[in-house]
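Participant: Structure incoming, see below.
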Amino acid sequence: MSGTSAFLEGLKAGLGEFVPMWALWLGSALISVAIALGLISLIAMFSVWLERKVAGHIQCRYGPMYVGWHGWLQSIADGVKLLLKEDLIPRDADRVLFMLAPALVLAAIVGAMAAYPLAPGILFADIDLGLFFIIAMSSMTTIGVVMAGWASNSKWTIYGSMREAAQVVAYEIPLGVSLLVPVMVAGTLNLREASAAQADFFGMGWFMFKNPFMLPAFLLFLVAALAETKRAPFDLPEAESELVAGFMTEYSGIRWSFFFMEEYAAMFLMSAIGAVFFLGGFESPLTHLAGQLFGRDLVVVGAGPEFAFTAINWGALVYQLVAGGTLLVKSFLGIFLMMWLRWTLPRIRIDQVMTMGYKYLTPLALVCVLGAALWEAGWQALVRS
Amino acid sequence: MQQTETAQGYVKNIWDTVKTTLVGMKITWRYMLQKPITVQYPDERMPIPDRYRGIHYLEQEKCINCLACARACPIDCIEMEAVRHGKELEWISFTLDYQKCMFCELCVYPCPKDCIHMGTEYAFVTFDRSEFKHDLLSFKGMAREARIRMKEAEAKKAAKDAAKAAGGGKSAEKGGEG
């Protein structure tokens with residue numbers, strides 16, 4: 001049983017007499033959405049600052065330096081500025097779709113966030129098809145992007161959204177297929193279980209080291225994830241130098257910032273998927289140590305009729321924090337890698353994007369899946385004999 | 001990415017893509033670790049060369065309002081105005097129009113008193129175009145020393161006149177006697 005449902009059970013046992021069940025359920029759902037939204041904004045703020053620092057240092061500049069220590073509060077200042085900006089809607093735009101698009105984009109990514117495990121026992125939702133859910137929800141954002149491009153009624157935006165659609169269709173296939181490789185090794189699509197399957201070898205039994213086809217699959221996943229999150233060198237939907245700002249050209253203020261929050265949250269989720277299915281997820285030697293010292297209890301807050309916040313299991317809390325922190329660090333390392341690539345490589349042409357997706361990534365991903373399947377079958381046969 | 005039909009070309013394309021990406025990443029990594037070459041501009045500034053030609057500065061006490069610099073200026077952006085009281089000058093204005101000035105330094109050479117120089121200040125930002133007509137004077141009217149000198153001279157003259165008058169009176173008296 002996961003932490004949230006245990007938490008809900010506890011709440012039910014504690015408050016069930018006074019509050020109806022549907023209110024409890026609705027309340028905890030609203031709280032979860034609020035936490036997910038807050039998490040997305042925090043991730044976006046930190047990532048924007050990190051992006052500007054990485055970009056600056058790669059170009060031998062400093063980046064933001066004035067607001068706070070090395071400009072770490074710059075994102076908050078920018079956020080205030082975005083909130084105060086005029087919210088423009090072009091006269092000839094489709095008003096309903098124009099206003100709906102950023103909301104849809106943000107809603108999809110908040111939905112995807114539901115499957116992100118904060119820690120082994122602290123989850124929004126313990127979904128058995130977690131990986132599938134995240135990929136499906138984060139491709140939902142494409143609909144919002146295409147909607148934004150169409151509703152803005154401008155040639156730049158429609159070019160941007162056409163490219164986005166073409167790109168996502170091309171890269172969804174290698175993304176899914178390359179993720180099949182670790183899924184075959186793990187035998188599950190659940191993020192928490194996949195992570196737990198890598199706990200052997202003192203927390204270093206990562207899927208990356210368990211199969212020779214894992215490294216090429218990881219590289220394919222990385223390229224496909226870059227294209228999926230519209231990051232350079234695949235940032236054709238935005239393409240500042242050709243399309244003004246692509247599908248976001250006509251947006252301003254808080255609506256515009258929704259697209260940015262989506263972009264960084266999508267980057268974070270893609271990195272988290274990569275971390276969970278290739279790089280050990282929660283597992284690292286540090287997590288192993290914490291597990292040895294404090295046990296691997298999943299339930300932090302006491303459940304049942306004696307539900308109370310005084311019954312916090314401190315050992316389990318420390319373990320959860322270490323495990324959750326490990327995944328967070330791995331995810332941000334993935335984001336850093338994406339930024340590093342962004343400021344290294346120039347944008348490629350749309351025909352090159354298509355060539356790469358259809359002629360290179362898809363066949364190679366299929367080869368990887370085939371090889372990994374044969375290897376796994378051979379390995380199992382060897383173990384059984 | 002070259003368009004090659006052969007299997008060899010296909011493999012080579014993949015290899016080239018991976019290799020060139022890694023080379024690029026190595027270069028950017030090296031740049032990322034090195035110290036930034038920019039400075040935090042308003043707080044610190046790059047060193048300025050000795051013969052840098054920035055906004056002029058004027059040693060007003062030395063200036064004799066001879067207009068040599070204004071005549072030398074190829075685009076006539078220097079204007080000056082002063083009233084002469086005997087030997088001393090009462091300054092009204094000495095303006096340089098930085099919308100026109102091209103910082104050629106030609107105004108500096110002809111100065112007989114060596115009082116106009118090219119300065120080191122280069123950030124000249126204003127909210128209004130008219131402010132580009134920059135007044136180089138550090139004070140208006142007359143210098144304190146000049147005023148003192150003039151007063152002394154006047155006092156001297158007055159004393160001399162008085163002495164002269166007294167002398168004249170004497171002679172007149174003498175004349176009267178004589």
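Here's how to read the names in the structure tokens: chain A, B, ... by the order shown, residue numbers from 1 in each chain, ligand numbers from 1 in the order shown.
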Within 10 Å of chain A, which residues of chain B are there when counting only C-alpha atoms? Please give them as a list of chain:residue names.
Facilitator: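 Residues passing the distance filter: B:Met1, B:Gln2, B:Gln3, B:Tyr10, B:Val11, B:Asn13, B:Ile14, B:Val18, B:Thr20, B:Thr21, B:Leu22, B:Val23, B:Gly24, B:Met25, B:Lys26, B:Ile27, B:Thr28, B:Trp29, B:Arg30, B:Tyr31, B:Met32, B:Leu33, B:Gln34, B:Lys35, B:Pro36, B:Ile37, B:Thr38, B:Val39, B:Gln40.
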Participant: List as a ChimeraX atom specification the protein and nucleic acid residues near Pro110 of chain B, meaning an atom at most 7 Å away when only C-alpha atoms are counted, but skip any in the same chain fewer than 2 places from it.
Facilitator: /B:68-69,107-108,112
Participant: Would you mind writing down, as a PyMOL selection string, each residue of segment 24-129 of chain B that DSSP on the backbone assigns to alpha helix (DSSP H)?
Facilitator: chain B and resi 24-33+68-72
Participant: Could the residues in this selection be saved with C-alpha atoms as a PDB file, in the first residue's frame?
Facilitator:
ATOM      1  CA  GLY B  24      31.024  19.940 -29.017  1.00  0.00           C
ATOM      2  CA  MET B  25      30.034  18.978 -25.499  1.00  0.00           C
ATOM      3  CA  LYS B  26      33.684  18.735 -24.504  1.00  0.00           C
ATOM      4  CA  ILE B  27      34.314  22.258 -25.782  1.00  0.00           C
ATOM      5  CA  THR B  28      31.307  23.756 -23.987  1.00  0.00           C
ATOM      6  CA  TRP B  29      32.251  21.901 -20.788  1.00  0.00           C
ATOM      7  CA  ARG B  30      35.688  23.498 -20.898  1.00  0.00           C
ATOM      8  CA  TYR B  31      34.152  26.936 -21.375  1.00  0.00           C
ATOM      9  CA  MET B  32      31.710  26.328 -18.539  1.00  0.00           C
ATOM     10  CA  LEU B  33      34.520  25.614 -16.078  1.00  0.00           C
ATOM     11  CA  ALA B  68      40.508  77.539 -31.168  1.00  0.00           C
ATOM     12  CA  CYS B  69      38.827  74.235 -30.362  1.00  0.00           C
ATOM     13  CA  ALA B  70      35.498  75.390 -31.778  1.00  0.00           C
ATOM     14  CA  ARG B  71      37.204  76.406 -35.008  1.00  0.00           C
ATOM     15  CA  ALA B  72      39.097  73.131 -35.220  1.00  0.00           C
TER      16      ALA B  72
END
Participant: Please identify all polymer residues within 9 Å of segment 321-323 of chain A, counting only C-alpha atoms, omitting same-chain residues fewer than 3 positions from it, and present them as a JSON list (two decimals) with N, CA and C atoms, in the first residue's frame.
Facilitator:
[["chain", "number", "residue", "atom", "x", "y", "z"],
["A", 118, "LEU", "N", 7.37, 11.03, -5.35],
["A", 118, "LEU", "CA", 8.23, 11.93, -4.58],
["A", 118, "LEU", "C", 9.24, 11.14, -3.77],
["A", 119, "ALA", "N", 8.79, 10.02, -3.25],
["A", 119, "ALA", "CA", 9.64, 9.11, -2.49],
["A", 119, "ALA", "C", 8.95, 7.75, -2.56],
["A", 120, "PRO", "N", 9.65, 6.65, -2.19],
["A", 120, "PRO", "CA", 9.02, 5.33, -2.35],
["A", 120, "PRO", "C", 7.66, 5.24, -1.66],
["A", 281, "GLY", "N", 16.65, 5.08, -10.36],
["A", 281, "GLY", "CA", 15.55, 5.70, -9.62],
["A", 281, "GLY", "C", 15.96, 6.15, -8.24],
["A", 282, "PHE", "N", 15.29, 5.61, -7.22],
["A", 282, "PHE", "CA", 15.60, 6.00, -5.85],
["A", 282, "PHE", "C", 16.92, 5.40, -5.37],
["A", 283, "GLU", "N", 17.42, 4.42, -6.10],
["A", 283, "GLU", "CA", 18.52, 3.62, -5.55],
["A", 283, "GLU", "C", 19.88, 4.23, -5.85],
["A", 284, "SER", "N", 20.67, 4.32, -4.81],
["A", 284, "SER", "CA", 22.08, 4.71, -4.93],
["A", 284, "SER", "C", 22.73, 4.14, -3.68],
["A", 286, "LEU", "N", 23.91, 5.64, -1.28],
["A", 286, "LEU", "CA", 23.41, 6.42, -0.14],
["A", 286, "LEU", "C", 22.05, 5.91, 0.32],
["A", 287, "THR", "N", 21.16, 5.66, -0.66],
["A", 287, "THR", "CA", 19.84, 5.13, -0.32],
["A", 287, "THR", "C", 19.98, 3.77, 0.34],
["A", 288, "HIS", "N", 20.91, 2.96, -0.19],
["A", 288, "HIS", "CA", 21.15, 1.64, 0.38],
["A", 288, "HIS", "C", 21.55, 1.76, 1.84],
["A", 290, "ALA", "N", 20.96, 4.31, 3.88],
["A", 290, "ALA", "CA", 19.83, 4.77, 4.68],
["A", 290, "ALA", "C", 18.86, 3.62, 4.94],
["A", 291, "GLY", "N", 18.67, 2.77, 3.91],
["A", 291, "GLY", "CA", 17.79, 1.62, 4.07],
["A", 291, "GLY", "C", 18.33, 0.65, 5.13],
["A", 316, "ALA", "N", 11.74, 5.96, 9.00],
["A", 316, "ALA", "CA", 11.17, 5.84, 7.66],
["A", 316, "ALA", "C", 11.21, 7.18, 6.95],
["A", 317, "LEU", "N", 10.98, 8.26, 7.72],
["A", 317, "LEU", "CA", 10.99, 9.60, 7.12],
["A", 317, "LEU", "C", 12.36, 9.92, 6.54],
["A", 318, "VAL", "N", 13.42, 9.59, 7.33],
["A", 318, "VAL", "CA", 14.79, 9.85, 6.84],
["A", 318, "VAL", "C", 15.05, 9.05, 5.57],
["A", 326, "THR", "N", 17.51, 11.46, -3.79],
["A", 326, "THR", "CA", 18.32, 10.81, -4.82],
["A", 326, "THR", "C", 17.66, 10.95, -6.18],
["A", 327, "LEU", "N", 16.36, 10.69, -6.24],
["A", 327, "LEU", "CA", 15.67, 10.78, -7.53],
["A", 327, "LEU", "C", 15.65, 12.22, -8.02],
["A", 328, "LEU", "N", 15.47, 13.15, -7.09],
["A", 328, "LEU", "CA", 15.43, 14.57, -7.46],
["A", 328, "LEU", "C", 16.76, 14.99, -8.06]]
Participant: Need the shell around Met261 of chain A: protein/DNA/RNA residues with any atom at most 8 Å away, counting only C-alpha atoms. Skip same-chain ones fewer than 4 positions apart. Format as a short mmCIF file (atom, residue, chain, number, x, y, z; two decimals) with N, CA and C atoms, in the first residue's frame?
Facilitator:
data_model
loop_
_atom_site.label_atom_id
_atom_site.label_comp_id
_atom_site.auth_asym_id
_atom_site.auth_seq_id
_atom_site.Cartn_x
_atom_site.Cartn_y
_atom_site.Cartn_z
N ILE A 40 5.50 22.00 -9.63
CA ILE A 40 5.81 22.38 -11.01
C ILE A 40 6.36 23.80 -11.06
N SER A 41 5.73 24.72 -10.29
CA SER A 41 6.25 26.10 -10.32
C SER A 41 7.65 26.16 -9.76
N ALA A 44 10.03 24.76 -12.28
CA ALA A 44 10.20 25.69 -13.40
C ALA A 44 11.09 26.85 -12.98
N LEU A 106 -1.09 23.15 -19.20
CA LEU A 106 -0.70 23.05 -17.79
C LEU A 106 -1.44 21.89 -17.11
N SER A 257 3.69 32.19 -19.43
CA SER A 257 4.50 31.47 -18.45
C SER A 257 3.98 30.05 -18.24
N ALA A 265 8.56 21.45 -16.67
CA ALA A 265 8.02 20.29 -15.97
C ALA A 265 8.14 19.04 -16.84
#
Participant: So what do you get for atom CA of Pro174 of chain A versus atom CA of Ala365 of chain A, distance-wise?
Facilitator: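 Pair atom CA of Pro174 of chain A / atom CA of Ala365 of chain A returns 5.8 Å.
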Participant: Set the distance at 12 Å and use only C-alpha atoms: which residues neighbour Glu154 of chain B once local chain neighbours fewer than 5 positions away are removed? I'd like the list as number ranges by chain.
Facilitator: B: 85-88, 146-149, 159-162
Participant: Can you list, as a PyMOL selection string, all residues belonging to segment 68-142 of chain B that DSSP tags as strand (DSSP E or B)?
Facilitator: chain B and resi 78-85+88-97+116-118+133-135+141
Participant: Mind writing the picked residues with C-alpha atoms as a JSON list (two decimals), in the first residue's frame?
Facilitator:
[["chain", "number", "residue", "atom", "x", "y", "z"],
["B", 78, "ILE", "CA", 31.49, 73.13, -29.68],
["B", 79, "GLU", "CA", 29.90, 76.40, -28.60],
["B", 80, "MET", "CA", 31.19, 78.72, -25.92],
["B", 81, "GLU", "CA", 30.18, 82.01, -24.47],
["B", 82, "ALA", "CA", 31.92, 84.22, -21.92],
["B", 83, "VAL", "CA", 32.06, 87.87, -21.00],
["B", 84, "ARG", "CA", 35.44, 89.47, -20.51],
["B", 85, "HIS", "CA", 35.95, 91.80, -17.57],
["B", 88, "GLU", "CA", 39.07, 87.94, -16.18],
["B", 89, "LEU", "CA", 36.32, 85.86, -17.81],
["B", 90, "GLU", "CA", 32.75, 85.45, -16.68],
["B", 91, "TRP", "CA", 31.57, 82.09, -18.05],
["B", 92, "ILE", "CA", 28.10, 81.68, -19.47],
["B", 93, "SER", "CA", 28.36, 78.36, -21.31],
["B", 94, "PHE", "CA", 30.73, 75.89, -22.94],
["B", 95, "THR", "CA", 28.60, 73.18, -24.60],
["B", 96, "LEU", "CA", 29.50, 70.16, -26.63],
["B", 97, "ASP", "CA", 26.72, 68.50, -28.59],
["B", 116, "ILE", "CA", 40.52, 70.61, -23.13],
["B", 117, "HIS", "CA", 41.13, 66.85, -22.91],
["B", 118, "MET", "CA", 39.48, 63.60, -23.92],
["B", 133, "LYS", "CA", 24.08, 69.12, -25.42],
["B", 134, "HIS", "CA", 26.44, 68.69, -22.53],
["B", 135, "ASP", "CA", 27.80, 71.65, -20.59],
["B", 141, "GLY", "CA", 30.09, 83.03, -13.85]]
Participant: Quick one: pull the distance between atom CA of Ala143 of chain B and atom CA of Asp114 of chain B, Å, one decimal.
Facilitator: 18.4 Å
Participant: Excluding same-chain residues fewer than 2 positions from Ala166 of chain A, what lies within 10 Å of it counting only C-alpha atoms, as a list of chain:residue names?
Facilitator: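 Result of the neighbour search: A:Ser161, A:Met162, A:Arg163, A:Glu164, A:Val168, A:Val169, A:Ala170, A:Tyr171, A:Pro237, A:Ile350, A:Val353, A:Met354.
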Participant: May I have the residues from that selection written out with C-alpha atoms, as an mmCIF file, in the first residue's frame?
Facilitator:
data_model
loop_
_atom_site.group_PDB
_atom_site.id
_atom_site.type_symbol
_atom_site.label_atom_id
_atom_site.label_comp_id
_atom_site.auth_asym_id
_atom_site.auth_seq_id
_atom_site.Cartn_x
_atom_site.Cartn_y
_atom_site.Cartn_z
ATOM 1 C CA SER A 161 2.474 24.054 -34.091
ATOM 2 C CA MET A 162 2.707 22.175 -37.413
ATOM 3 C CA ARG A 163 6.321 21.407 -36.636
ATOM 4 C CA GLU A 164 5.395 20.382 -33.090
ATOM 5 C CA VAL A 168 5.890 14.571 -31.717
ATOM 6 C CA VAL A 169 4.386 12.016 -34.112
ATOM 7 C CA ALA A 170 7.879 11.134 -35.341
ATOM 8 C CA TYR A 171 9.515 10.883 -31.945
ATOM 9 C CA PRO A 237 8.249 24.648 -32.615
ATOM 10 C CA ILE A 350 12.827 20.095 -39.998
ATOM 11 C CA VAL A 353 14.487 16.117 -37.652
ATOM 12 C CA MET A 354 12.192 13.868 -39.682
#
Participant: Have a look at A:Leu39, A:Leu97, A:Leu129, A:Ala115 and name the one nearest to Val146 of chain A; count only C-alpha atoms.
Facilitator: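 Going through A:Leu39, A:Leu97, A:Leu129, A:Ala115 one by one, the smallest distance to Val146 of chain A is for A:Leu97.
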Participant: Expressed in Å to a single decimal, how great is the separation between atom CA of Val369 of chain A and atom CA of Ala194 of chain A?
Facilitator: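 Atom CA of Ala194 of chain A lies 17.6 Å from atom CA of Val369 of chain A.
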